[in-house]
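Peer 1: Structure file target_32.pdb, PDB, C-alpha atoms, is pasted below:
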```pdb
MODEL        1
ATOM      1  CA  MET N   1       0.000   0.000   0.000
ATOM      2  CA  VAL N   2       1.390   3.375  -1.046
ATOM      3  CA  LEU N   3       1.614   6.062   1.639
ATOM      4  CA  ALA N   4       0.443   9.573   0.757
ATOM      5  CA  PRO N   5       2.430  12.743   1.426
ATOM      6  CA  ALA N   6       0.874  14.275   4.559
ATOM      7  CA  HIS N   7       1.083  17.838   3.221
ATOM      8  CA  TYR N   8      -1.701  17.109   0.733
ATOM      9  CA  ARG N   9      -4.183  17.235   3.593
ATOM     10  CA  ARG N  10      -4.136  21.048   3.389
ATOM     11  CA  GLU N  11      -2.885  21.667  -0.132
ATOM     12  CA  ILE N  12      -4.448  21.318  -3.574
ATOM     13  CA  PRO N  13      -1.995  19.333  -5.738
ATOM     14  CA  ALA N  14      -0.271  21.536  -8.304
ATOM     15  CA  ASP N  15      -1.165  19.164 -11.156
ATOM     16  CA  ALA N  16      -4.831  18.814 -10.164
ATOM     17  CA  ALA N  17      -7.578  20.889 -11.779
ATOM     18  CA  ILE N  18     -10.655  22.403 -10.139
ATOM     19  CA  THR N  19     -13.137  23.358 -12.827
ATOM     20  CA  ALA N  20     -16.865  23.692 -13.435
ATOM     21  CA  TRP N  21     -18.996  21.044 -15.095
ATOM     22  CA  HIS N  22     -22.353  22.221 -16.360
ATOM     23  CA  ALA N  23     -25.436  20.050 -15.959
ATOM     24  CA  PRO N  24     -27.893  19.856 -18.887
ATOM     25  CA  ASP N  25     -29.941  22.689 -17.359
ATOM     26  CA  GLY N  26     -26.828  24.878 -17.199
ATOM     27  CA  TRP N  27     -26.205  24.550 -13.450
ATOM     28  CA  ALA N  28     -22.475  24.892 -12.700
ATOM     29  CA  MET N  29     -21.055  22.148 -10.484
ATOM     30  CA  ARG N  30     -17.562  22.104  -9.048
ATOM     31  CA  ARG N  31     -15.331  19.209 -10.075
ATOM     32  CA  PHE N  32     -11.851  17.995  -9.132
ATOM     33  CA  ASP N  33      -9.576  16.053 -11.484
ATOM     34  CA  TRP N  34      -6.094  14.748 -10.727
ATOM     35  CA  PRO N  35      -4.803  12.765 -13.743
ATOM     36  CA  ALA N  36      -2.409   9.904 -13.134
ATOM     37  CA  GLU N  37       1.222  10.287 -14.063
ATOM     38  CA  GLY N  38       2.641   7.948 -16.671
ATOM     39  CA  ALA N  39       0.744   4.744 -17.435
ATOM     40  CA  PRO N  40      -2.518   5.037 -15.461
ATOM     41  CA  ARG N  41      -3.739   2.274 -13.154
ATOM     42  CA  GLY N  42      -7.316   3.366 -13.880
ATOM     43  CA  SER N  43      -9.727   6.052 -12.709
ATOM     44  CA  ILE N  44     -11.579   6.617  -9.444
ATOM     45  CA  LEU N  45     -14.609   8.879  -9.068
ATOM     46  CA  PHE N  46     -15.125   9.735  -5.402
ATOM     47  CA  GLN N  47     -18.495  11.153  -4.307
ATOM     48  CA  THR N  48     -18.759  12.813  -0.911
ATOM     49  CA  GLY N  49     -21.475  12.786   1.724
ATOM     50  CA  ARG N  50     -24.073  15.404   2.663
ATOM     51  CA  GLY N  51     -22.513  18.774   3.265
ATOM     52  CA  ASP N  52     -19.047  17.445   2.420
ATOM     53  CA  ILE N  53     -16.218  18.972   0.415
ATOM     54  CA  PHE N  54     -13.672  16.951  -1.517
ATOM     55  CA  GLU N  55     -10.823  18.859   0.173
ATOM     56  CA  LYS N  56     -11.393  16.685   3.249
ATOM     57  CA  TYR N  57     -10.218  13.654   1.263
ATOM     58  CA  LEU N  58      -7.057  15.038  -0.366
ATOM     59  CA  GLU N  59      -4.908  12.746   1.787
ATOM     60  CA  THR N  60      -6.811   9.741   0.469
ATOM     61  CA  PHE N  61      -6.735  11.050  -3.108
ATOM     62  CA  ALA N  62      -2.954  11.459  -2.835
ATOM     63  CA  GLN N  63      -2.582   7.851  -1.757
ATOM     64  CA  TRP N  64      -4.609   6.575  -4.700
ATOM     65  CA  HIS N  65      -2.825   8.924  -7.087
ATOM     66  CA  ALA N  66       0.561   7.704  -5.877
ATOM     67  CA  ALA N  67      -0.626   4.172  -6.675
ATOM     68  CA  GLY N  68      -1.305   5.220 -10.285
ATOM     69  CA  TRP N  69      -4.986   6.146 -10.229
ATOM     70  CA  SER N  70      -6.522   9.211 -11.840
ATOM     71  CA  VAL N  71      -8.856  10.693  -9.216
ATOM     72  CA  SER N  72     -11.968  12.824  -9.747
ATOM     73  CA  ALA N  73     -14.791  14.191  -7.617
ATOM     74  CA  LEU N  74     -17.943  16.199  -8.275
ATOM     75  CA  ASP N  75     -19.675  18.334  -5.654
ATOM     76  CA  TRP N  76     -23.353  17.444  -5.505
ATOM     77  CA  ARG N  77     -25.744  20.166  -6.587
ATOM     78  CA  GLY N  78     -26.559  22.419  -3.641
ATOM     79  CA  GLN N  79     -23.362  21.916  -1.663
ATOM     80  CA  GLY N  80     -19.619  22.521  -1.746
ATOM     81  CA  GLY N  81     -18.825  24.646  -4.755
ATOM     82  CA  SER N  82     -21.958  23.639  -6.673
ATOM     83  CA  GLY N  83     -24.271  26.435  -5.577
ATOM     84  CA  ARG N  84     -27.201  26.269  -3.207
ATOM     85  CA  LEU N  85     -30.830  25.163  -3.542
ATOM     86  CA  SER N  86     -31.990  27.284  -0.601
ATOM     87  CA  SER N  87     -32.052  31.028  -0.022
ATOM     88  CA  ASP N  88     -29.979  30.313   3.082
ATOM     89  CA  PRO N  89     -26.472  29.326   1.866
ATOM     90  CA  HIS N  90     -25.837  27.355   5.051
ATOM     91  CA  VAL N  91     -28.826  25.003   4.665
ATOM     92  CA  GLY N  92     -28.520  21.813   2.622
ATOM     93  CA  HIS N  93     -31.768  21.634   0.694
ATOM     94  CA  VAL N  94     -33.146  19.507  -2.139
ATOM     95  CA  GLU N  95     -36.672  18.943  -3.394
ATOM     96  CA  ASP N  96     -36.084  15.369  -4.539
ATOM     97  CA  PHE N  97     -33.069  13.049  -4.477
ATOM     98  CA  ALA N  98     -33.843  12.295  -8.136
ATOM     99  CA  ILE N  99     -32.225  15.669  -8.886
ATOM    100  CA  TYR N 100     -28.884  14.261  -7.755
ATOM    101  CA  ILE N 101     -29.349  11.193  -9.950
ATOM    102  CA  THR N 102     -30.307  13.287 -12.987
ATOM    103  CA  ASP N 103     -27.084  15.279 -12.627
ATOM    104  CA  PHE N 104     -25.042  12.111 -12.176
ATOM    105  CA  ALA N 105     -26.664  10.493 -15.219
ATOM    106  CA  ALA N 106     -25.252  13.310 -17.347
ATOM    107  CA  PHE N 107     -21.855  13.490 -15.647
ATOM    108  CA  TRP N 108     -20.961   9.791 -15.514
ATOM    109  CA  PRO N 109     -20.719   9.092 -19.277
ATOM    110  CA  ASP N 110     -18.726  12.297 -19.836
ATOM    111  CA  TRP N 111     -16.287  11.354 -17.087
ATOM    112  CA  GLN N 112     -16.070   7.711 -18.140
ATOM    113  CA  ALA N 113     -15.302   8.616 -21.764
ATOM    114  CA  ALA N 114     -12.604  11.104 -20.771
ATOM    115  CA  THR N 115     -10.706   8.920 -18.282
ATOM    116  CA  PRO N 116      -8.741   5.653 -18.566
ATOM    117  CA  GLY N 117     -10.271   2.418 -17.301
ATOM    118  CA  PRO N 118     -10.913   0.441 -15.280
ATOM    119  CA  HIS N 119     -13.454   2.827 -13.754
ATOM    120  CA  VAL N 120     -14.188   2.718 -10.041
ATOM    121  CA  LEU N 121     -16.998   4.517  -8.215
ATOM    122  CA  ILE N 122     -16.446   5.256  -4.528
ATOM    123  CA  GLY N 123     -19.087   6.943  -2.383
ATOM    124  CA  HIS N 124     -19.113   8.039   1.250
ATOM    125  CA  SER N 125     -22.341   8.381   3.291
ATOM    126  CA  MET N 126     -24.945  10.142   1.115
ATOM    127  CA  GLY N 127     -22.517   9.672  -1.754
ATOM    128  CA  GLY N 128     -22.623   5.918  -1.091
ATOM    129  CA  HIS N 129     -26.413   5.904  -1.161
ATOM    130  CA  LEU N 130     -26.523   7.868  -4.412
ATOM    131  CA  ALA N 131     -23.751   5.794  -5.987
ATOM    132  CA  LEU N 132     -25.732   2.625  -5.277
ATOM    133  CA  ARG N 133     -28.894   4.232  -6.668
ATOM    134  CA  ALA N 134     -27.016   5.243  -9.789
ATOM    135  CA  MET N 135     -25.734   1.711 -10.331
ATOM    136  CA  VAL N 136     -29.077   0.033  -9.697
ATOM    137  CA  GLU N 137     -30.849   2.481 -11.998
ATOM    138  CA  GLY N 138     -28.269   1.934 -14.737
ATOM    139  CA  VAL N 139     -26.970   5.491 -14.568
ATOM    140  CA  ALA N 140     -23.417   4.454 -13.603
ATOM    141  CA  THR N 141     -21.625   1.374 -14.917
ATOM    142  CA  PRO N 142     -18.335   1.065 -13.011
ATOM    143  CA  ASP N 143     -16.066  -1.954 -13.089
ATOM    144  CA  ALA N 144     -16.143  -1.976  -9.273
ATOM    145  CA  ALA N 145     -17.521   0.161  -6.459
ATOM    146  CA  VAL N 146     -16.719   0.931  -2.828
ATOM    147  CA  LEU N 147     -19.390   2.231  -0.453
ATOM    148  CA  ILE N 148     -17.984   3.730   2.741
ATOM    149  CA  ALA N 149     -20.372   4.224   5.679
ATOM    150  CA  PRO N 150     -23.159   4.447   3.094
ATOM    151  CA  MET N 151     -26.384   6.212   4.038
ATOM    152  CA  LEU N 152     -28.708   3.269   3.387
ATOM    153  CA  GLY N 153     -30.756   4.197   6.427
ATOM    154  CA  LEU N 154     -30.724   7.181   8.767
ATOM    155  CA  HIS N 155     -29.749   6.900  12.426
ATOM    156  CA  SER N 156     -33.104   7.836  13.928
ATOM    157  CA  PRO N 157     -33.916   7.291  17.623
ATOM    158  CA  LEU N 158     -37.548   6.774  16.576
ATOM    159  CA  GLY N 159     -36.802   4.204  13.907
ATOM    160  CA  ALA N 160     -37.128   4.677  10.157
ATOM    161  CA  ARG N 161     -40.944   4.608   9.915
ATOM    162  CA  LEU N 162     -41.705   6.947  12.806
ATOM    163  CA  GLY N 163     -38.755   9.166  11.924
ATOM    164  CA  GLU N 164     -40.026   9.641   8.387
ATOM    165  CA  GLY N 165     -43.573  10.258   9.595
ATOM    166  CA  LEU N 166     -42.496  12.905  12.072
ATOM    167  CA  ALA N 167     -40.238  14.573   9.489
ATOM    168  CA  ARG N 168     -43.163  14.767   7.061
ATOM    169  CA  ILE N 169     -45.413  16.386   9.653
ATOM    170  CA  VAL N 170     -42.844  18.980  10.751
ATOM    171  CA  CYS N 171     -41.829  19.679   7.158
ATOM    172  CA  GLY N 172     -45.425  20.560   6.352
ATOM    173  CA  LEU N 173     -45.717  23.041   9.215
ATOM    174  CA  GLY N 174     -43.578  25.739   7.609
ATOM    175  CA  ASN N 175     -41.036  26.437   4.919
ATOM    176  CA  PRO N 176     -39.682  23.038   3.764
ATOM    177  CA  ALA N 177     -36.313  24.668   3.058
ATOM    178  CA  ARG N 178     -35.811  25.805   6.671
ATOM    179  CA  PRO N 179     -33.079  24.032   8.668
ATOM    180  CA  ALA N 180     -34.100  20.807  10.371
ATOM    181  CA  TRP N 181     -31.900  21.669  13.345
ATOM    182  CA  LYS N 182     -29.526  24.410  14.402
ATOM    183  CA  GLY N 183     -26.150  22.725  14.497
ATOM    184  CA  ASN N 184     -24.141  19.540  14.785
ATOM    185  CA  GLU N 185     -24.707  16.660  12.392
ATOM    186  CA  ARG N 186     -27.899  15.418  14.000
ATOM    187  CA  PRO N 187     -30.467  16.781  16.473
ATOM    188  CA  ALA N 188     -30.996  15.947  20.126
ATOM    189  CA  THR N 189     -27.448  14.894  20.898
ATOM    190  CA  THR N 190     -24.788  16.138  23.276
ATOM    191  CA  THR N 191     -22.097  14.284  21.335
ATOM    192  CA  THR N 192     -19.704  16.717  19.711
ATOM    193  CA  ARG N 193     -19.549  16.962  15.941
ATOM    194  CA  GLU N 194     -15.940  15.793  16.041
ATOM    195  CA  ALA N 195     -16.840  12.655  18.001
ATOM    196  CA  LEU N 196     -19.606  11.829  15.524
ATOM    197  CA  LEU N 197     -17.152  11.971  12.631
ATOM    198  CA  THR N 198     -13.715  10.752  13.745
ATOM    199  CA  HIS N 199     -11.447   9.881  16.660
ATOM    200  CA  ASP N 200      -8.541  11.655  14.942
ATOM    201  CA  SER N 201      -8.373  15.282  16.077
ATOM    202  CA  SER N 202      -5.732  16.280  13.548
ATOM    203  CA  ARG N 203      -7.811  15.048  10.620
ATOM    204  CA  TYR N 204     -10.874  16.774  12.030
ATOM    205  CA  GLU N 205      -8.827  19.972  12.169
ATOM    206  CA  ASP N 206      -8.074  19.565   8.462
ATOM    207  CA  GLU N 207     -11.766  20.148   7.765
ATOM    208  CA  ILE N 208     -11.812  23.211  10.019
ATOM    209  CA  TYR N 209      -8.795  24.547   8.113
ATOM    210  CA  TRP N 210     -10.654  24.293   4.810
ATOM    211  CA  GLN N 211     -13.778  25.851   6.286
ATOM    212  CA  ARG N 212     -11.763  28.844   7.445
ATOM    213  CA  THR N 213      -9.832  29.056   4.184
ATOM    214  CA  MET N 214     -12.903  28.754   1.939
ATOM    215  CA  PRO N 215     -15.968  29.771   3.990
ATOM    216  CA  GLU N 216     -18.110  29.944   0.856
ATOM    217  CA  ILE N 217     -18.131  26.138   0.568
ATOM    218  CA  VAL N 218     -19.283  25.517   4.151
ATOM    219  CA  LEU N 219     -22.726  23.965   4.585
ATOM    220  CA  GLY N 220     -24.684  23.570   7.801
ATOM    221  CA  PRO N 221     -27.705  21.391   8.674
ATOM    222  CA  PRO N 222     -30.094  19.885   6.126
ATOM    223  CA  SER N 223     -33.535  21.260   5.422
ATOM    224  CA  TRP N 224     -36.667  19.475   6.558
ATOM    225  CA  LYS N 225     -37.381  18.628   2.919
ATOM    226  CA  TRP N 226     -33.931  17.083   2.504
ATOM    227  CA  LEU N 227     -34.562  15.001   5.621
ATOM    228  CA  VAL N 228     -37.917  13.751   4.319
ATOM    229  CA  GLU N 229     -36.433  12.892   0.932
ATOM    230  CA  ALA N 230     -33.514  11.072   2.588
ATOM    231  CA  PHE N 231     -35.954   8.871   4.508
ATOM    232  CA  VAL N 232     -37.947   8.236   1.324
ATOM    233  CA  SER N 233     -34.993   7.500  -0.944
ATOM    234  CA  THR N 234     -33.288   5.124   1.495
ATOM    235  CA  ARG N 235     -36.567   3.335   2.284
ATOM    236  CA  MET N 236     -37.253   2.751  -1.398
ATOM    237  CA  GLN N 237     -33.692   1.598  -1.936
ATOM    238  CA  ARG N 238     -33.874  -1.021   0.806
ATOM    239  CA  ALA N 239     -37.001  -2.462  -0.820
ATOM    240  CA  ASP N 240     -35.763  -2.275  -4.415
ATOM    241  CA  PRO N 241     -35.878  -5.741  -6.052
ATOM    242  CA  ASP N 242     -33.282  -4.597  -8.574
ATOM    243  CA  LEU N 243     -30.607  -4.784  -5.867
ATOM    244  CA  ALA N 244     -30.519  -8.542  -6.465
ATOM    245  CA  ARG N 245     -29.766  -7.986 -10.157
ATOM    246  CA  LEU N 246     -26.813  -5.633  -9.725
ATOM    247  CA  ARG N 247     -23.661  -7.357 -10.983
ATOM    248  CA  VAL N 248     -21.073  -4.719 -10.044
ATOM    249  CA  PRO N 249     -18.555  -6.021  -7.472
ATOM    250  CA  ILE N 250     -19.006  -3.902  -4.332
ATOM    251  CA  LEU N 251     -16.947  -3.500  -1.190
ATOM    252  CA  MET N 252     -18.976  -2.009   1.652
ATOM    253  CA  ILE N 253     -17.065  -0.608   4.637
ATOM    254  CA  LEU N 254     -19.126   0.061   7.761
ATOM    255  CA  ALA N 255     -18.718   1.478  11.244
ATOM    256  CA  ASP N 256     -21.033  -0.460  13.559
ATOM    257  CA  ALA N 257     -20.895   2.407  16.095
ATOM    258  CA  ASP N 258     -21.930   4.980  13.479
ATOM    259  CA  LYS N 259     -24.287   7.576  14.963
ATOM    260  CA  LEU N 260     -25.185   9.321  11.677
ATOM    261  CA  VAL N 261     -26.279   6.503   9.384
ATOM    262  CA  ASP N 262     -27.756   3.108  10.216
ATOM    263  CA  PRO N 263     -25.128   0.353   9.742
ATOM    264  CA  LYS N 264     -27.780  -2.345  10.227
ATOM    265  CA  ALA N 265     -29.603  -1.030   7.175
ATOM    266  CA  ALA N 266     -26.348  -1.261   5.210
ATOM    267  CA  VAL N 267     -25.819  -4.871   6.310
ATOM    268  CA  PHE N 268     -29.399  -5.622   5.224
ATOM    269  CA  VAL N 269     -28.815  -4.109   1.776
ATOM    270  CA  ALA N 270     -25.454  -5.855   1.406
ATOM    271  CA  GLY N 271     -27.251  -9.155   1.911
ATOM    272  CA  LYS N 272     -29.353  -8.427  -1.173
ATOM    273  CA  LEU N 273     -26.404  -7.619  -3.423
ATOM    274  CA  PRO N 274     -25.016 -10.634  -5.311
ATOM    275  CA  GLN N 275     -21.386  -9.430  -5.345
ATOM    276  CA  ALA N 276     -20.961  -7.520  -2.093
ATOM    277  CA  GLN N 277     -18.122  -7.868   0.396
ATOM    278  CA  LEU N 278     -18.293  -6.385   3.885
ATOM    279  CA  LEU N 279     -15.632  -4.879   6.117
ATOM    280  CA  ARG N 280     -16.955  -3.829   9.535
ATOM    281  CA  PHE N 281     -15.368  -1.768  12.298
ATOM    282  CA  GLY N 282     -16.496  -1.562  15.905
ATOM    283  CA  LYS N 283     -16.375   1.287  18.393
ATOM    284  CA  GLU N 284     -12.901   2.215  17.158
ATOM    285  CA  SER N 285     -14.460   3.962  14.171
ATOM    286  CA  ALA N 286     -16.929   6.807  13.846
ATOM    287  CA  HIS N 287     -18.650   7.855  10.620
ATOM    288  CA  GLU N 288     -15.718   9.119   8.540
ATOM    289  CA  ILE N 289     -13.751   5.897   8.199
ATOM    290  CA  LEU N 290     -11.226   7.292   5.703
ATOM    291  CA  ARG N 291     -10.515  10.182   8.085
ATOM    292  CA  GLU N 292     -10.207   8.038  11.182
ATOM    293  CA  ALA N 293      -7.129   7.305  13.258
ATOM    294  CA  ASP N 294      -4.391   5.431  11.417
ATOM    295  CA  GLY N 295      -5.271   1.990  12.772
ATOM    296  CA  VAL N 296      -8.746   2.166  11.225
ATOM    297  CA  ARG N 297      -7.892   4.190   8.153
ATOM    298  CA  ASP N 298      -4.892   2.063   7.165
ATOM    299  CA  ARG N 299      -6.937  -1.113   7.406
ATOM    300  CA  ALA N 300      -9.725   0.379   5.289
ATOM    301  CA  MET N 301      -7.322   1.685   2.652
ATOM    302  CA  ALA N 302      -5.549  -1.678   2.471
ATOM    303  CA  ALA N 303      -8.897  -3.438   2.008
ATOM    304  CA  ILE N 304      -9.832  -1.070  -0.819
ATOM    305  CA  ASP N 305      -6.475  -1.657  -2.495
ATOM    306  CA  ALA N 306      -6.820  -5.443  -2.252
ATOM    307  CA  PHE N 307     -10.405  -5.325  -3.500
ATOM    308  CA  LEU N 308      -9.533  -3.191  -6.531
ATOM    309  CA  THR N 309      -6.526  -5.368  -7.336
ATOM    310  CA  GLN N 310      -8.899  -8.322  -7.531
ATOM    311  CA  GLN N 311     -12.023  -6.759  -9.020
ATOM    312  CA  ALA N 312     -10.602  -3.961 -11.196
ATOM    313  CA  PRO N 313      -7.209  -5.184 -12.432
ATOM    314  CA  PRO N 314      -5.189  -2.941 -14.769
ATOM    315  CA  ARG N 315      -6.081  -3.206 -18.428
TER     316      ARG N 315
ENDMDL
END
```
Take the structure from the file and write it as structure tokens.
Peer 2:
Amino acid sequence: MVLAPAHYRREIPADAAITAWHAPDGWAMRRFDWPAEGAPRGSILFQTGRGDIFEKYLETFAQWHAAGWSVSALDWRGQGGSGRLSSDPHVGHVEDFAIYITDFAAFWPDWQAATPGPHVLIGHSMGGHLALRAMVEGVATPDAAVLIAPMLGLHSPLGARLGEGLARIVCGLGNPARPAWKGNERPATTTTREALLTHDSSRYEDEIYWQRTMPEIVLGPPSWKWLVEAFVSTRMQRADPDLARLRVPILMILADADKLVDPKAAVFVAGKLPQAQLLRFGKESAHEILREADGVRDRAMAAIDAFLTQQAPPR
């Protein structure tokens, strides 16, 4: 396993490009591309979670790039550098998760045609949920995929059914685009945001560095409408019979102590996928597995490397 230069955690690589990709309706979406040097190993498209920015994963990108991969990322519409869907720039809003899929349906073939294979799709959290949707719906056709702490169910103290019902009621009582809560990554918790995400303080500070350096890309809590649509989209995904027909090899990496997404829902979905492998962590890992302490992160990165060596060999 190739080790990444640590300085990339707070530095955009000189040979990487940050540009704008325009969706069919003209919406400008921020993209990151870091072409491989020499003979490429293949291409990875990494899709972040809700409210994320790709800068948080530069350390991981550097490790893949050093191993010969071209690495790309696209900020989802409404977050990062891809504009906002709410009048409040700090609220993560969307009317329907199908909007994300429509954008991805246009971006994927452009990216696939412009980059060397094999092509790998990697998604974290909401990005994992949407990546799986895209594959099941035939929008994305990677040679292999990795889903990291995928949002296949929300961590709701009321359970999925009651949580969705309550979200629908509250959403209908006012502006659907208003924030669902004031701060943190989930409501009604005294757990710090850092503890919800990672046990590694230095990697958490990397995110704070980028937020201070580029405040315009910071996003706060989701809207009530986003929350409703997240419940709906994940519920429909768990019941989708087409999961059993998906032939893409998938590695799913989970944190059983995750307090943001439901790891049990991910295990349930993995059981429906014909070519899914599971790697599970215990209380040693919070939600952001690739930004965890070295013991967790190194094991996850090694598993990804071994999986891609087997399932997406060089052409």
Peer 1: Select, from N:Leu121, N:Gln237, N:Val146, N:Val232, the residue with the minimum atom-to-atom distance to N:Ala306, counting only C-alpha atoms.
Peer 2: N:Val146
Peer 1: Point out the residue among N:Glu288, N:Asp103, N:Glu164, N:Glu37 with the least atom-to-atom distance to N:Leu197, counting only C-alpha atoms.
Peer 2: N:Glu288
Peer 1: Within 10 Å of (-14.1, -0.8, 9.4) in the file's own coordinates, which protein, DNA or RNA residues have an atom, counting all atoms listed in the file? List them as number ranges by chain.
Peer 2: N: 148-149, 252-256, 278-287, 289-290, 292, 295-301, 303
Peer 1: What's the 10 Å shell around N:Ser82, counting all atoms listed in the file, without same-chain residues fewer than 6 positions away, as a list in words?
Peer 2: Ala20, Trp21, His22, Trp27, Ala28, Met29, Arg30, Arg31, Leu74, Asp75, Trp76 and Ile217 of chain N
Peer 1: Excluding N:Ile208 and any residue of its chain fewer than 6 positions from it, enumerate the residues within 12 Å of it, using all atoms listed in the file, and give them as a list of chain:residue names.
Peer 2: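 My reading of the contact set: N:Arg9, N:Arg10, N:Asp52, N:Ile53, N:Glu55, N:Lys56, N:Arg193, N:Glu194, N:Ser201, N:Ser202, N:Met214, N:Pro215, N:Ile217, N:Val218.
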Peer 1: Given only C-alpha atoms as the basis, pick out the residue of N:Ser86, N:His93, N:Ala39, N:Asp206 nearest to N:Glu11.
Peer 2: N:Asp206
Peer 1: Between atom CA of N:Tyr204 and atom CA of N:Ala270, what is the spacing in Å?
Peer 2: 28.9 Å
Peer 1: Have a look at N:Pro89, N:Ala160, N:Gly42, N:Val139 and name the one nearest to N:Thr115; count only C-alpha atoms.
Peer 2: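 Result for the nearest residue to N:Thr115: N:Gly42.
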Peer 1: Closest to N:Gly117 among N:Ile12, N:Ala312, N:Val94, N:Leu273, using all atoms listed in the file?
Peer 2: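 The shortest atom-to-atom distance to N:Gly117 comes from N:Ala312.
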Peer 1: When you look at N:Asp242 with a cut-off of 12 Å (counting all atoms listed in the file), what residues show up, excluding the ones that are within fewer than 2 positions of it in the same chain? I need them as a list in words.
Peer 2: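 Contacts, with the query itself left out: Leu132, Arg133, Ala134, Met135, Val136, Glu137, Gly138, Met236, Gln237, Arg238, Ala239, Asp240, Ala244, Arg245, Leu246, Arg247, Val269, Lys272, Leu273 and Pro274 of chain N.
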Peer 1: For the file shown, what are the residues hit by the PyMOL selection byres ((chain N and resi 41) around 9), laid out as an MDAnalysis selection string?
Peer 2: chainID N and resid 36 39:40 42:43 67:70 116:118 313:315
Peer 1: Which is closest to N:Gly81 among N:Gly174, N:Gly51, N:Pro24, N:Pro221, if we use only C-alpha atoms?
Peer 2: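 Smallest distance to N:Gly81 is found for N:Gly51.
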Peer 1: Separation of atom CA of N:Thr213 and atom CA of N:Trp111, in Å?
Peer 2: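 Result for atom CA of N:Thr213 versus atom CA of N:Trp111: 28.4 Å, one decimal.
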